[in-house]
file structure-v7.cif (mmCIF, C-alpha atoms and all ligand atoms)
data_structure
#
loop_
_atom_site.label_atom_id
_atom_site.label_comp_id
_atom_site.auth_asym_id
_atom_site.auth_seq_id
_atom_site.Cartn_x
_atom_site.Cartn_y
_atom_site.Cartn_z
CA MET A 408 0.00 0.00 0.00
CA TRP A 409 3.01 2.34 0.28
CA SER A 410 3.61 4.08 -3.02
CA ASN A 411 6.99 5.35 -1.84
CA ARG A 412 8.88 2.40 -0.34
CA ARG A 413 12.26 4.06 0.15
CA LEU A 414 12.14 4.18 3.94
CA VAL A 415 10.31 0.88 4.37
CA GLU A 416 13.27 -0.63 2.54
CA LEU A 417 16.01 1.48 4.15
CA PHE A 418 14.80 0.72 7.69
CA GLN A 419 13.50 -2.80 6.90
CA ILE A 420 10.09 -2.12 8.46
CA ASP A 421 6.53 -2.95 7.35
CA HIS A 422 4.95 0.47 7.81
CA PRO A 423 6.77 3.80 7.34
CA ILE A 424 5.56 5.17 10.66
CA VAL A 425 8.29 6.25 13.07
CA LEU A 426 7.39 6.70 16.73
CA ALA A 427 8.91 10.10 17.60
CA PRO A 428 11.60 9.73 20.24
CA MET A 429 10.22 11.50 23.31
CA ALA A 430 12.86 11.81 25.99
CA GLY A 431 11.28 11.26 29.40
CA LEU A 432 7.81 10.33 28.06
CA GLY A 433 8.52 7.46 25.69
CA THR A 434 9.07 4.02 27.22
CA VAL A 435 10.57 0.67 26.26
CA ASP A 436 7.03 -0.79 26.13
CA LEU A 437 5.89 1.96 23.75
CA ALA A 438 8.88 1.52 21.43
CA ALA A 439 8.51 -2.28 21.49
CA ALA A 440 4.78 -2.08 20.68
CA VAL A 441 5.42 0.21 17.70
CA SER A 442 8.27 -1.92 16.33
CA ASN A 443 6.28 -5.14 16.82
CA ALA A 444 3.33 -3.55 14.99
CA GLY A 445 5.57 -2.92 11.98
CA GLY A 446 6.58 0.71 12.58
CA LEU A 447 9.90 1.99 13.92
CA GLY A 448 10.04 2.23 17.72
CA SER A 449 12.32 4.94 19.12
CA ILE A 450 13.97 5.62 22.44
CA GLY A 451 14.85 9.24 23.36
CA CYS A 452 18.27 8.87 24.99
CA ALA A 453 18.86 12.56 25.77
CA VAL A 454 18.17 12.08 29.49
CA LEU A 455 19.80 8.63 29.86
CA THR A 456 23.34 7.78 30.98
CA PRO A 457 25.34 5.42 28.72
CA GLU A 458 24.80 2.55 31.21
CA LEU A 459 21.05 3.16 31.22
CA ILE A 460 20.98 3.30 27.40
CA ALA A 461 22.66 -0.13 27.26
CA ARG A 462 20.18 -1.57 29.81
CA THR A 463 17.21 0.01 28.01
CA VAL A 464 18.25 -1.44 24.65
CA ALA A 465 18.79 -4.90 26.21
CA GLU A 466 15.23 -4.74 27.55
CA LEU A 467 13.88 -3.49 24.22
CA ARG A 468 15.66 -6.27 22.29
CA ARG A 469 14.05 -8.76 24.69
CA LEU A 470 10.62 -7.39 23.74
CA THR A 471 11.15 -7.07 19.98
CA THR A 472 13.36 -8.51 17.29
CA LYS A 473 12.35 -5.72 14.87
CA PRO A 474 14.44 -2.62 13.97
CA ILE A 475 14.74 0.15 16.56
CA ASN A 476 15.89 3.78 16.64
CA LEU A 477 17.97 5.50 19.33
CA ASN A 478 17.79 9.30 19.48
CA PHE A 479 20.35 11.78 20.81
CA PHE A 480 20.68 15.54 21.16
CA CYS A 481 23.68 17.32 19.59
CA HIS A 482 23.43 20.69 21.34
CA HIS A 483 26.40 22.71 22.56
CA PRO A 484 26.94 22.40 26.33
CA ALA A 485 25.17 25.15 28.29
CA LYS A 486 27.16 28.38 28.57
CA VAL A 487 27.82 29.26 32.20
CA ASP A 488 26.46 32.75 32.91
CA ALA A 489 25.95 33.28 36.63
CA ALA A 490 24.38 36.75 36.21
CA ARG A 491 21.88 35.47 33.68
CA GLU A 492 20.99 32.46 35.82
CA SER A 493 20.49 34.50 38.97
CA GLY A 494 18.46 37.07 36.97
CA TRP A 495 16.17 34.25 35.84
CA HIS A 496 15.83 32.96 39.41
CA GLU A 497 14.89 36.50 40.46
CA LYS A 498 12.33 36.74 37.66
CA LEU A 499 10.61 33.64 39.03
CA SER A 500 10.88 34.68 42.69
CA SER A 501 7.30 35.94 43.01
CA TYR A 502 6.11 32.47 41.96
CA TYR A 503 8.36 30.88 44.58
CA ARG A 504 6.78 33.09 47.23
CA GLU A 505 3.25 32.45 45.98
CA LEU A 506 3.75 28.68 46.16
CA GLY A 507 5.48 28.78 49.52
CA VAL A 508 8.83 27.61 48.12
CA ASP A 509 11.82 29.30 49.76
CA PRO A 510 13.26 31.59 47.03
CA ALA A 511 16.70 30.90 48.53
CA THR A 512 16.35 27.29 47.33
CA VAL A 513 19.30 26.55 45.08
CA ALA A 514 18.02 24.96 41.90
CA PRO A 515 19.89 21.87 40.70
CA ARG A 516 22.10 22.66 37.69
CA LEU A 517 20.50 20.19 35.29
CA ASP A 518 22.59 19.71 32.18
CA LEU A 519 22.13 17.18 29.40
CA ALA A 520 24.99 15.35 27.75
CA SER A 521 25.33 15.99 24.05
CA PHE A 522 26.15 12.97 21.85
CA GLY A 523 29.84 12.23 22.41
CA ASP A 524 32.37 9.40 22.69
CA ALA A 525 30.60 7.63 25.57
CA ALA A 526 27.23 7.52 23.79
CA SER A 527 28.95 6.53 20.55
CA ALA A 528 30.61 3.60 22.32
CA VAL A 529 27.21 2.36 23.52
CA VAL A 530 25.74 2.72 20.02
CA GLU A 531 28.65 0.69 18.63
CA GLN A 532 27.99 -1.95 21.25
CA VAL A 533 24.19 -2.23 20.90
CA ARG A 534 23.98 -1.40 17.16
CA PRO A 535 20.45 -0.02 16.74
CA GLU A 536 19.29 -0.17 13.11
CA VAL A 537 18.66 3.60 13.12
CA VAL A 538 20.21 6.49 15.08
CA SER A 539 18.40 9.82 14.97
CA PHE A 540 19.73 13.18 16.09
CA HIS A 541 18.07 16.43 17.14
CA PHE A 542 19.75 19.88 16.84
CA GLY A 543 21.97 18.90 13.91
CA LEU A 544 24.57 16.13 13.79
CA PRO A 545 27.55 15.29 15.98
CA GLU A 546 31.06 15.98 14.68
CA PRO A 547 31.93 14.05 11.49
CA ARG A 548 34.18 11.46 13.18
CA LEU A 549 31.26 10.46 15.43
CA VAL A 550 28.85 10.26 12.48
CA ASP A 551 31.42 7.99 10.80
CA ARG A 552 31.61 5.76 13.88
CA VAL A 553 27.82 5.42 14.06
CA LYS A 554 27.63 4.56 10.36
CA ALA A 555 30.52 2.11 10.65
CA ALA A 556 28.45 0.30 13.31
CA GLY A 557 25.86 -0.32 10.58
CA CYS A 558 23.30 2.25 11.77
CA LYS A 559 21.31 4.49 9.44
CA VAL A 560 21.67 8.13 10.48
CA ILE A 561 18.74 10.56 10.39
CA SER A 562 18.15 14.04 11.83
CA SER A 563 15.52 16.79 11.97
CA ALA A 564 15.49 19.80 9.65
CA THR A 565 13.20 22.76 10.23
CA THR A 566 14.20 24.57 7.02
CA VAL A 567 15.31 23.63 3.50
CA ASP A 568 18.83 24.93 4.32
CA GLU A 569 19.06 22.61 7.32
CA ALA A 570 17.86 19.67 5.21
CA CYS A 571 20.58 20.35 2.61
CA TRP A 572 23.21 20.71 5.37
CA LEU A 573 22.18 17.37 6.90
CA GLU A 574 22.32 15.60 3.55
CA LYS A 575 25.77 17.08 2.85
CA HIS A 576 27.00 15.92 6.26
CA GLY A 577 25.91 12.31 5.83
CA ALA A 578 22.27 11.92 6.86
CA ASP A 579 20.65 8.86 5.23
CA ALA A 580 17.20 10.42 5.53
CA ILE A 581 15.84 13.80 6.67
CA ILE A 582 13.03 14.38 9.16
CA ALA A 583 11.25 17.52 7.91
CA GLN A 584 9.91 18.95 11.17
CA GLY A 585 7.06 21.34 10.48
CA TYR A 586 6.08 24.16 12.79
CA GLU A 587 3.11 22.17 14.13
CA ALA A 588 5.41 19.66 15.85
CA GLY A 589 5.31 19.08 19.59
CA GLY A 590 8.41 19.27 21.79
CA HIS A 591 11.68 20.92 20.87
CA ARG A 592 12.21 22.48 17.47
CA GLY A 593 15.22 20.73 15.94
CA LEU A 594 16.54 24.01 14.50
CA PHE A 595 20.30 24.29 14.55
CA LEU A 596 21.70 26.52 11.78
CA ASP A 597 20.37 29.94 12.77
CA THR A 598 21.79 30.98 16.14
CA ASP A 599 19.21 33.77 16.44
CA ARG A 600 16.53 31.31 17.49
CA LYS A 601 13.92 33.92 18.30
CA ARG A 602 14.04 35.24 14.74
CA ALA A 603 14.37 31.76 13.22
CA VAL A 604 11.38 30.38 15.03
CA ALA A 605 9.16 33.25 13.92
CA SER A 606 9.75 32.40 10.26
CA GLN A 607 9.53 28.60 10.26
CA ALA A 608 7.28 26.74 7.83
CA GLY A 609 4.48 24.34 8.64
CA THR A 610 4.62 20.69 7.60
CA PHE A 611 2.47 21.27 4.49
CA ALA A 612 4.89 23.87 3.10
CA LEU A 613 8.14 22.34 4.38
CA VAL A 614 7.84 18.70 3.28
CA PRO A 615 7.52 19.24 -0.50
CA GLN A 616 10.29 21.85 -0.51
CA VAL A 617 12.64 19.55 1.40
CA ALA A 618 11.66 16.61 -0.86
CA ASP A 619 12.56 18.76 -3.90
CA ALA A 620 15.86 19.92 -2.40
CA VAL A 621 17.45 16.66 -1.21
CA SER A 622 17.98 13.28 -2.82
CA VAL A 623 17.71 11.22 0.38
CA PRO A 624 14.22 10.18 1.53
CA VAL A 625 12.13 12.51 3.69
CA ILE A 626 10.21 11.75 6.89
CA ALA A 627 7.38 14.23 7.57
CA ALA A 628 6.88 15.30 11.20
CA GLY A 629 4.55 17.75 12.89
CA GLY A 630 0.79 17.68 13.32
CA ILE A 631 0.33 14.18 11.87
CA ALA A 632 -2.08 12.18 14.03
CA ASP A 633 -4.25 10.10 11.74
CA GLY A 634 -4.46 8.47 8.31
CA ARG A 635 -5.48 11.74 6.64
CA GLY A 636 -2.21 13.29 7.75
CA ILE A 637 -0.17 10.29 6.62
CA ALA A 638 -1.80 10.18 3.17
CA ALA A 639 -1.22 13.95 2.84
CA ALA A 640 2.46 13.62 3.86
CA PHE A 641 3.02 10.99 1.17
CA ALA A 642 1.22 13.13 -1.42
CA LEU A 643 3.65 15.94 -0.49
CA GLY A 644 6.70 13.76 -1.17
CA ALA A 645 7.41 12.07 2.17
CA ALA A 646 8.44 8.40 2.32
CA ALA A 647 7.56 8.08 6.04
CA VAL A 648 6.06 10.03 8.91
CA GLN A 649 7.32 10.62 12.45
CA VAL A 650 4.50 10.91 14.96
CA GLY A 651 4.89 12.07 18.56
CA THR A 652 1.95 13.77 20.26
CA ALA A 653 -0.58 11.22 18.96
CA PHE A 654 1.22 8.53 21.02
CA LEU A 655 1.21 10.51 24.28
CA LEU A 656 -2.22 9.15 25.25
CA CYS A 657 -1.23 5.51 24.61
CA ALA A 658 -1.27 3.39 27.76
CA GLU A 659 2.40 2.48 27.20
CA SER A 660 3.66 6.07 27.27
CA ALA A 661 4.98 7.63 30.49
CA THR A 662 2.87 10.80 30.13
CA PRO A 663 2.14 11.87 33.75
CA PRO A 664 -1.55 12.06 34.78
CA LEU A 665 -1.79 15.88 34.80
CA HIS A 666 -0.17 16.10 31.35
CA ARG A 667 -2.52 13.37 30.09
CA GLU A 668 -5.53 15.25 31.40
CA ALA A 669 -4.35 18.46 29.70
CA LEU A 670 -3.95 16.55 26.41
CA ARG A 671 -7.44 15.08 26.75
CA ASN A 672 -8.75 18.64 26.91
CA ALA A 673 -6.43 19.91 24.17
CA GLY A 674 -9.40 20.80 21.96
CA LYS A 675 -10.16 23.69 24.30
CA LYS A 676 -6.54 24.84 24.55
CA GLN A 677 -3.86 26.32 22.35
CA THR A 678 -0.25 25.41 21.86
CA VAL A 679 2.68 27.81 21.57
CA VAL A 680 6.38 27.67 20.78
CA THR A 681 8.22 28.96 23.84
CA ASN A 682 11.76 28.98 25.27
CA VAL A 683 10.81 29.46 28.92
CA PHE A 684 10.83 25.80 29.94
CA SER A 685 14.23 24.77 28.62
CA GLY A 686 15.98 27.73 26.99
CA ARG A 687 15.31 26.39 23.48
CA PRO A 688 12.12 26.79 21.46
CA ALA A 689 9.66 23.98 22.06
CA ARG A 690 5.93 23.59 21.49
CA VAL A 691 3.72 23.12 24.57
CA LEU A 692 0.09 23.53 25.58
CA VAL A 693 -0.22 27.12 26.82
CA ASN A 694 -0.09 27.38 30.60
CA ARG A 695 0.65 30.12 33.09
CA LEU A 696 4.44 30.21 32.77
CA ALA A 697 4.30 30.20 28.95
CA ALA A 698 1.67 32.96 29.00
CA GLU A 699 3.15 35.21 31.71
CA ILE A 700 6.92 34.93 31.15
CA GLY A 701 6.85 33.73 27.53
CA PRO A 702 6.22 32.75 24.94
CA TRP A 703 9.72 34.16 24.33
CA SER A 704 12.01 35.52 27.01
CA ASP A 705 15.41 36.96 26.11
CA ALA A 706 16.34 36.46 29.78
CA ALA A 707 16.07 32.65 29.73
CA PRO A 708 19.39 30.89 30.52
CA ASP A 709 21.04 28.62 28.01
CA PHE A 710 19.49 25.23 27.15
CA PRO A 711 18.68 23.16 29.19
CA LEU A 712 19.28 25.10 32.42
CA PRO A 713 15.73 26.47 32.92
CA MET A 714 14.55 22.85 33.34
CA GLY A 715 16.43 22.50 36.65
CA GLU A 716 15.32 25.91 37.85
CA LEU A 717 11.67 24.93 37.37
CA LEU A 718 11.74 21.64 39.28
CA SER A 719 10.73 22.97 42.70
CA LEU A 720 8.06 25.34 41.35
CA ARG A 721 6.66 22.59 39.21
CA ALA A 722 6.57 20.08 42.07
CA ALA A 723 4.85 22.56 44.41
CA ALA A 724 2.21 23.45 41.80
CA GLU A 725 1.61 19.84 40.77
CA GLN A 726 1.01 18.89 44.41
CA ASN A 727 -2.04 21.15 44.20
CA GLY A 728 -3.11 19.61 40.89
CA SER A 729 -1.86 22.60 38.90
CA THR A 730 0.13 22.48 35.64
CA ASP A 731 1.02 26.21 35.78
CA PHE A 732 4.77 25.41 35.65
CA THR A 733 4.76 22.01 33.90
CA PRO A 734 6.12 21.76 30.37
CA LEU A 735 3.07 20.27 28.67
CA TRP A 736 4.92 19.24 25.49
CA SER A 737 2.39 18.98 22.70
CA GLY A 738 2.00 19.47 18.98
CA GLN A 739 -0.82 21.41 17.34
CA ALA A 740 -2.79 18.24 16.52
CA ALA A 741 -3.09 17.08 20.15
CA ALA A 742 -6.88 17.11 19.98
CA LEU A 743 -6.66 14.37 17.32
CA ALA A 744 -4.80 12.02 19.70
CA ARG A 745 -6.72 8.87 20.57
CA GLU A 746 -6.46 6.87 23.74
CA MET A 747 -5.61 3.26 22.85
CA PRO A 748 -2.74 0.79 23.01
CA ALA A 749 0.10 1.63 20.61
CA LYS A 750 -0.35 -1.50 18.48
CA MET A 751 -3.99 -0.63 17.93
CA LEU A 752 -3.01 2.92 17.00
CA ILE A 753 -0.46 1.75 14.40
CA ASP A 754 -3.04 -0.70 12.93
CA LEU A 755 -5.63 2.09 12.81
CA LEU A 756 -3.21 4.57 11.20
CA VAL A 757 -2.43 2.03 8.47
CA GLN A 758 -6.14 1.27 7.85
CA GLU A 759 -7.04 4.96 7.75
CA THR A 760 -4.21 5.78 5.37
CA THR A 761 -5.59 3.19 2.92
CA LYS A 762 -9.02 4.77 3.20
CA PHE A 763 -7.59 8.21 2.41
CA GLY A 764 -5.98 7.03 -0.80
CA GLY A 765 -2.91 5.24 0.59
CA GLY A 766 0.56 6.34 1.49
C1 LIG A 801 6.66 14.98 24.35
C2 LIG A 801 7.61 15.14 23.20
C3 LIG A 801 8.96 14.91 23.40
C4 LIG A 801 9.86 14.99 22.32
N1 LIG A 801 11.18 14.67 22.54
C5 LIG A 801 12.01 14.56 21.47
C6 LIG A 801 13.31 14.00 21.62
O1 LIG A 801 13.72 13.61 22.72
N2 LIG A 801 14.09 13.90 20.52
C7 LIG A 801 13.65 14.31 19.27
O2 LIG A 801 14.40 14.17 18.30
N3 LIG A 801 12.42 14.83 19.11
C8 LIG A 801 11.59 14.96 20.17
N4 LIG A 801 10.32 15.45 19.99
C9 LIG A 801 9.90 15.95 18.65
C10 LIG A 801 9.48 14.80 17.74
O3 LIG A 801 10.63 14.16 17.25
C11 LIG A 801 8.65 15.24 16.52
O4 LIG A 801 9.30 16.23 15.79
C12 LIG A 801 7.26 15.71 16.89
O5 LIG A 801 6.69 14.93 17.90
C13 LIG A 801 6.36 15.66 15.68
O6 LIG A 801 5.20 16.41 15.87
P1 LIG A 801 3.87 15.85 16.60
O7 LIG A 801 4.18 15.87 18.05
O8 LIG A 801 2.83 16.84 16.19
O9 LIG A 801 3.61 14.46 16.09
C14 LIG A 801 9.41 15.39 21.04
C15 LIG A 801 8.04 15.63 20.85
C16 LIG A 801 7.14 15.51 21.91
C17 LIG A 801 5.69 15.76 21.65
#

call {"tool": "encode", "arguments": {"input": "structure-v7.cif", "output": "structure tokens", "more": "lines below"}}
Ligand SMILES: Cc1cc2nc3c(=O)[nH]c(=O)nc-3n(C[C@H](O)[C@H](O)[C@H](O)COP(=O)(O)O)c2cc1C
result
Amino acid sequence: MWSNRRLVELFQIDHPIVLAPMAGLGTVDLAAAVSNAGGLGSIGCAVLTPELIARTVAELRRLTTKPINLNFFCHHPAKVDAARESGWHEKLSSYYRELGVDPATVAPRLDLASFGDAASAVVEQVRPEVVSFHFGLPEPRLVDRVKAAGCKVISSATTVDEACWLEKHGADAIIAQGYEAGGHRGLFLDTDRKRAVASQAGTFALVPQVADAVSVPVIAAGGIADGRGIAAAFALGAAAVQVGTAFLLCAESATPPLHREALRNAGKKQTVVTNVFSGRPARVLVNRLAAEIGPWSDAAPDFPLPMGELLSLRAAAEQNGSTDFTPLWSGQAAALAREMPAKMLIDLLVQETTKFGGG
């Protein structure tokens, strides 16, 4: 039923549906269910240590013999800027007082490891069929190591320029991430992110332009939640789709109860791209922090430092059932998400795509 079989063949899967890696919210069970149903299950490794990645893959391989994808961030380490960080703490101090959290609380300095030698060594050991990157690609010698381990390399592009850059630097396929997408924007070429984000194209405009500009196959991402979206992505030139938000309501995902409830009511809410939760632009359901301090704040510390700063505020608010300070990662199509096991969702997506003219 797939008119464009380039990615089905490249990844050796039955259905060209990639579960978006969702660091923190995806699970081994979710990835295994998607791979076993014929799609490509992914694990977001951005928040995992190398030891935990190895253990996670061992567990995943126990649950599925099908191809899997490991995903890593390739950001620059956070710049230390004490004045900026204390200014941000000060900016949030009225919230600390309101929630009864001592403003003198020192926030943990939460950093995330970018893909480096240690992660590369684990990849070489566990040899996932696909390795995907967000925020560009690691340095060329690391890309070479990953490819030498037999893994296909893919990464997200938010513009045609980024897609061409990724192809030139060795990507085997490009994820065209439209503006609708939930979670972090993969943008990496323009360092003026505020300006870049304001001019980014939606999936409908981005996918055909990327498909025209590169010779490697294209995976459409952003706002795709049902068979209509998949059929449209293929009509626009994609050879696969990457779907994130639509899986957040699956039983196998680790979406916390308050986040789940917000997604269930997404039809009455809006999403926005904001930098206030992590320091990089990401799409979330609008809540108090995004509305009052964001959507864009030039004062936000470097990625991912605001995440650590928010932990105590978030915990205090959540204790009262409030998501005022919770990053409610979500794409624009959240209201199309359906609550069902992941295997059933993949089966349904495939059936629906046939009904809408096929992929
Ligand atoms: C909760 C959540 C977490 C995400 N985490 C990651 C991640 O760790 N790595 C990554 O490459 N993309 C991540 N993304 C972005 C997805 O790869 C993808 O671009 C997006 O989900 C597609 O749009 P959709 O959410 O509308 O389906 C995340 C998306 C969501 C919704």

call {"tool": "closest_residue", "arguments": {"input": "structure-v7.cif", "among": "A:Pro474, A:Pro423, A:Gly589, A:Gly634", "to": "Thr681 of chain A", "atoms": "only C-alpha atoms"}}
result
A:Gly589

call {"tool": "residues_near_ligand", "arguments": {"input": "structure-v7.cif", "ligand": "ligand LIG 801 (chain A)", "cutoff": "9 Å", "atoms": "only C-alpha atoms and all ligand atoms", "output": "PyMOL selection string"}}
result
chain A and resi 426-433+450-454+478-480+539-542+562-563+582-593+627-632+648-655+662+689-691+735-741

call {"tool": "atom_distance", "arguments": {"input": "structure-v7.cif", "atom1": "atom CA of Thr566 of chain A", "atom2": "atom CA of Asp518 of chain A"}}
result
27.0 Å

call {"tool": "atom_distance", "arguments": {"input": "structure-v7.cif", "atom1": "atom CA of Asn476 of chain A", "atom2": "atom CA of Leu594 of chain A"}}
result
20.4 Å

call {"tool": "axis_aligned_box", "arguments": {"input": "structure-v7.cif", "around": "segment 699-706 of chain A", "padding_each_side": "5 Å", "output": "JSON"}}
result
{"center_x": 9.7, "center_y": 34.9, "center_z": 28.0, "size_x": 23.2, "size_y": 14.2, "size_z": 17.4}

call {"tool": "closest_residue", "arguments": {"input": "structure-v7.cif", "among": "A:Leu506, A:Ile637, A:Ala603, A:Ile460", "to": "Val533 of chain A", "atoms": "all atoms listed in the file"}}
result
A:Ile460

call {"tool": "build_atoms", "arguments": {"input": "structure-v7.cif", "residues": "segment 540-549 of chain A", "atoms": "all heavy atoms", "output": "PDB file, keeping the file's coordinate frame"}}
result
ATOM      1  N   PHE A 540      19.174  12.064  15.320  1.00  0.00           N
ATOM      2  CA  PHE A 540      19.730  13.180  16.090  1.00  0.00           C
ATOM      3  C   PHE A 540      18.772  14.360  16.039  1.00  0.00           C
ATOM      4  O   PHE A 540      17.994  14.515  15.095  1.00  0.00           O
ATOM      5  CB  PHE A 540      21.096  13.590  15.527  1.00  0.00           C
ATOM      6  CG  PHE A 540      22.157  12.537  15.712  1.00  0.00           C
ATOM      7  CD1 PHE A 540      22.590  11.762  14.649  1.00  0.00           C
ATOM      8  CD2 PHE A 540      22.711  12.305  16.968  1.00  0.00           C
ATOM      9  CE1 PHE A 540      23.557  10.783  14.820  1.00  0.00           C
ATOM     10  CE2 PHE A 540      23.677  11.327  17.160  1.00  0.00           C
ATOM     11  CZ  PHE A 540      24.097  10.563  16.082  1.00  0.00           C
ATOM     12  N   HIS A 541      18.847  15.193  17.081  1.00  0.00           N
ATOM     13  CA  HIS A 541      18.070  16.430  17.140  1.00  0.00           C
ATOM     14  C   HIS A 541      19.064  17.549  17.380  1.00  0.00           C
ATOM     15  O   HIS A 541      20.029  17.355  18.114  1.00  0.00           O
ATOM     16  CB  HIS A 541      17.078  16.330  18.311  1.00  0.00           C
ATOM     17  CG  HIS A 541      15.749  16.976  18.049  1.00  0.00           C
ATOM     18  ND1 HIS A 541      15.081  16.896  16.853  1.00  0.00           N
ATOM     19  CD2 HIS A 541      14.948  17.748  18.848  1.00  0.00           C
ATOM     20  CE1 HIS A 541      13.933  17.560  16.937  1.00  0.00           C
ATOM     21  NE2 HIS A 541      13.834  18.089  18.139  1.00  0.00           N
ATOM     22  N   PHE A 542      18.855  18.710  16.769  1.00  0.00           N
ATOM     23  CA  PHE A 542      19.750  19.880  16.840  1.00  0.00           C
ATOM     24  C   PHE A 542      21.011  19.659  15.991  1.00  0.00           C
ATOM     25  O   PHE A 542      22.118  20.024  16.393  1.00  0.00           O
ATOM     26  CB  PHE A 542      20.140  20.227  18.287  1.00  0.00           C
ATOM     27  CG  PHE A 542      18.994  20.254  19.269  1.00  0.00           C
ATOM     28  CD1 PHE A 542      19.086  19.607  20.501  1.00  0.00           C
ATOM     29  CD2 PHE A 542      17.808  20.920  18.975  1.00  0.00           C
ATOM     30  CE1 PHE A 542      18.026  19.615  21.408  1.00  0.00           C
ATOM     31  CE2 PHE A 542      16.743  20.938  19.874  1.00  0.00           C
ATOM     32  CZ  PHE A 542      16.854  20.277  21.087  1.00  0.00           C
ATOM     33  N   GLY A 543      20.849  19.044  14.839  1.00  0.00           N
ATOM     34  CA  GLY A 543      21.970  18.900  13.910  1.00  0.00           C
ATOM     35  C   GLY A 543      22.546  17.502  13.918  1.00  0.00           C
ATOM     36  O   GLY A 543      21.830  16.504  14.059  1.00  0.00           O
ATOM     37  N   LEU A 544      23.863  17.429  13.778  1.00  0.00           N
ATOM     38  CA  LEU A 544      24.570  16.130  13.790  1.00  0.00           C
ATOM     39  C   LEU A 544      25.792  16.282  14.686  1.00  0.00           C
ATOM     40  O   LEU A 544      26.307  17.390  14.841  1.00  0.00           O
ATOM     41  CB  LEU A 544      25.048  15.772  12.379  1.00  0.00           C
ATOM     42  CG  LEU A 544      24.008  15.285  11.360  1.00  0.00           C
ATOM     43  CD1 LEU A 544      24.629  15.158   9.976  1.00  0.00           C
ATOM     44  CD2 LEU A 544      23.387  13.955  11.794  1.00  0.00           C
ATOM     45  N   PRO A 545      26.297  15.183  15.237  1.00  0.00           N
ATOM     46  CA  PRO A 545      27.550  15.290  15.980  1.00  0.00           C
ATOM     47  C   PRO A 545      28.714  15.516  15.016  1.00  0.00           C
ATOM     48  O   PRO A 545      28.522  15.496  13.807  1.00  0.00           O
ATOM     49  CB  PRO A 545      27.677  13.938  16.676  1.00  0.00           C
ATOM     50  CG  PRO A 545      26.809  13.010  15.910  1.00  0.00           C
ATOM     51  CD  PRO A 545      25.763  13.820  15.214  1.00  0.00           C
ATOM     52  N   GLU A 546      29.916  15.718  15.561  1.00  0.00           N
ATOM     53  CA  GLU A 546      31.060  15.980  14.680  1.00  0.00           C
ATOM     54  C   GLU A 546      31.284  14.797  13.728  1.00  0.00           C
ATOM     55  O   GLU A 546      30.922  13.657  14.052  1.00  0.00           O
ATOM     56  CB  GLU A 546      32.305  16.312  15.498  1.00  0.00           C
ATOM     57  CG  GLU A 546      32.603  15.308  16.578  1.00  0.00           C
ATOM     58  CD  GLU A 546      33.787  15.728  17.458  1.00  0.00           C
ATOM     59  OE1 GLU A 546      34.879  15.922  16.907  1.00  0.00           O
ATOM     60  OE2 GLU A 546      33.597  15.834  18.682  1.00  0.00           O
ATOM     61  N   PRO A 547      31.854  15.064  12.543  1.00  0.00           N
ATOM     62  CA  PRO A 547      31.930  14.050  11.490  1.00  0.00           C
ATOM     63  C   PRO A 547      32.541  12.714  11.934  1.00  0.00           C
ATOM     64  O   PRO A 547      32.059  11.649  11.546  1.00  0.00           O
ATOM     65  CB  PRO A 547      32.812  14.713  10.417  1.00  0.00           C
ATOM     66  CG  PRO A 547      32.580  16.175  10.617  1.00  0.00           C
ATOM     67  CD  PRO A 547      32.370  16.367  12.086  1.00  0.00           C
ATOM     68  N   ARG A 548      33.564  12.736  12.797  1.00  0.00           N
ATOM     69  CA  ARG A 548      34.180  11.460  13.180  1.00  0.00           C
ATOM     70  C   ARG A 548      33.187  10.589  13.962  1.00  0.00           C
ATOM     71  O   ARG A 548      33.225   9.357  13.883  1.00  0.00           O
ATOM     72  CB  ARG A 548      35.478  11.682  13.979  1.00  0.00           C
ATOM     73  CG  ARG A 548      35.262  12.269  15.319  1.00  0.00           C
ATOM     74  CD  ARG A 548      36.496  12.464  16.187  1.00  0.00           C
ATOM     75  NE  ARG A 548      36.048  12.995  17.471  1.00  0.00           N
ATOM     76  CZ  ARG A 548      35.698  12.266  18.507  1.00  0.00           C
ATOM     77  NH1 ARG A 548      35.805  10.953  18.446  1.00  0.00           N
ATOM     78  NH2 ARG A 548      35.253  12.814  19.614  1.00  0.00           N
ATOM     79  N   LEU A 549      32.260  11.240  14.698  1.00  0.00           N
ATOM     80  CA  LEU A 549      31.260  10.460  15.430  1.00  0.00           C
ATOM     81  C   LEU A 549      30.179   9.932  14.481  1.00  0.00           C
ATOM     82  O   LEU A 549      29.711   8.794  14.628  1.00  0.00           O
ATOM     83  CB  LEU A 549      30.630  11.311  16.545  1.00  0.00           C
ATOM     84  CG  LEU A 549      31.577  11.680  17.702  1.00  0.00           C
ATOM     85  CD1 LEU A 549      30.913  12.664  18.665  1.00  0.00           C
ATOM     86  CD2 LEU A 549      32.009  10.427  18.467  1.00  0.00           C
TER      87      LEU A 549
END
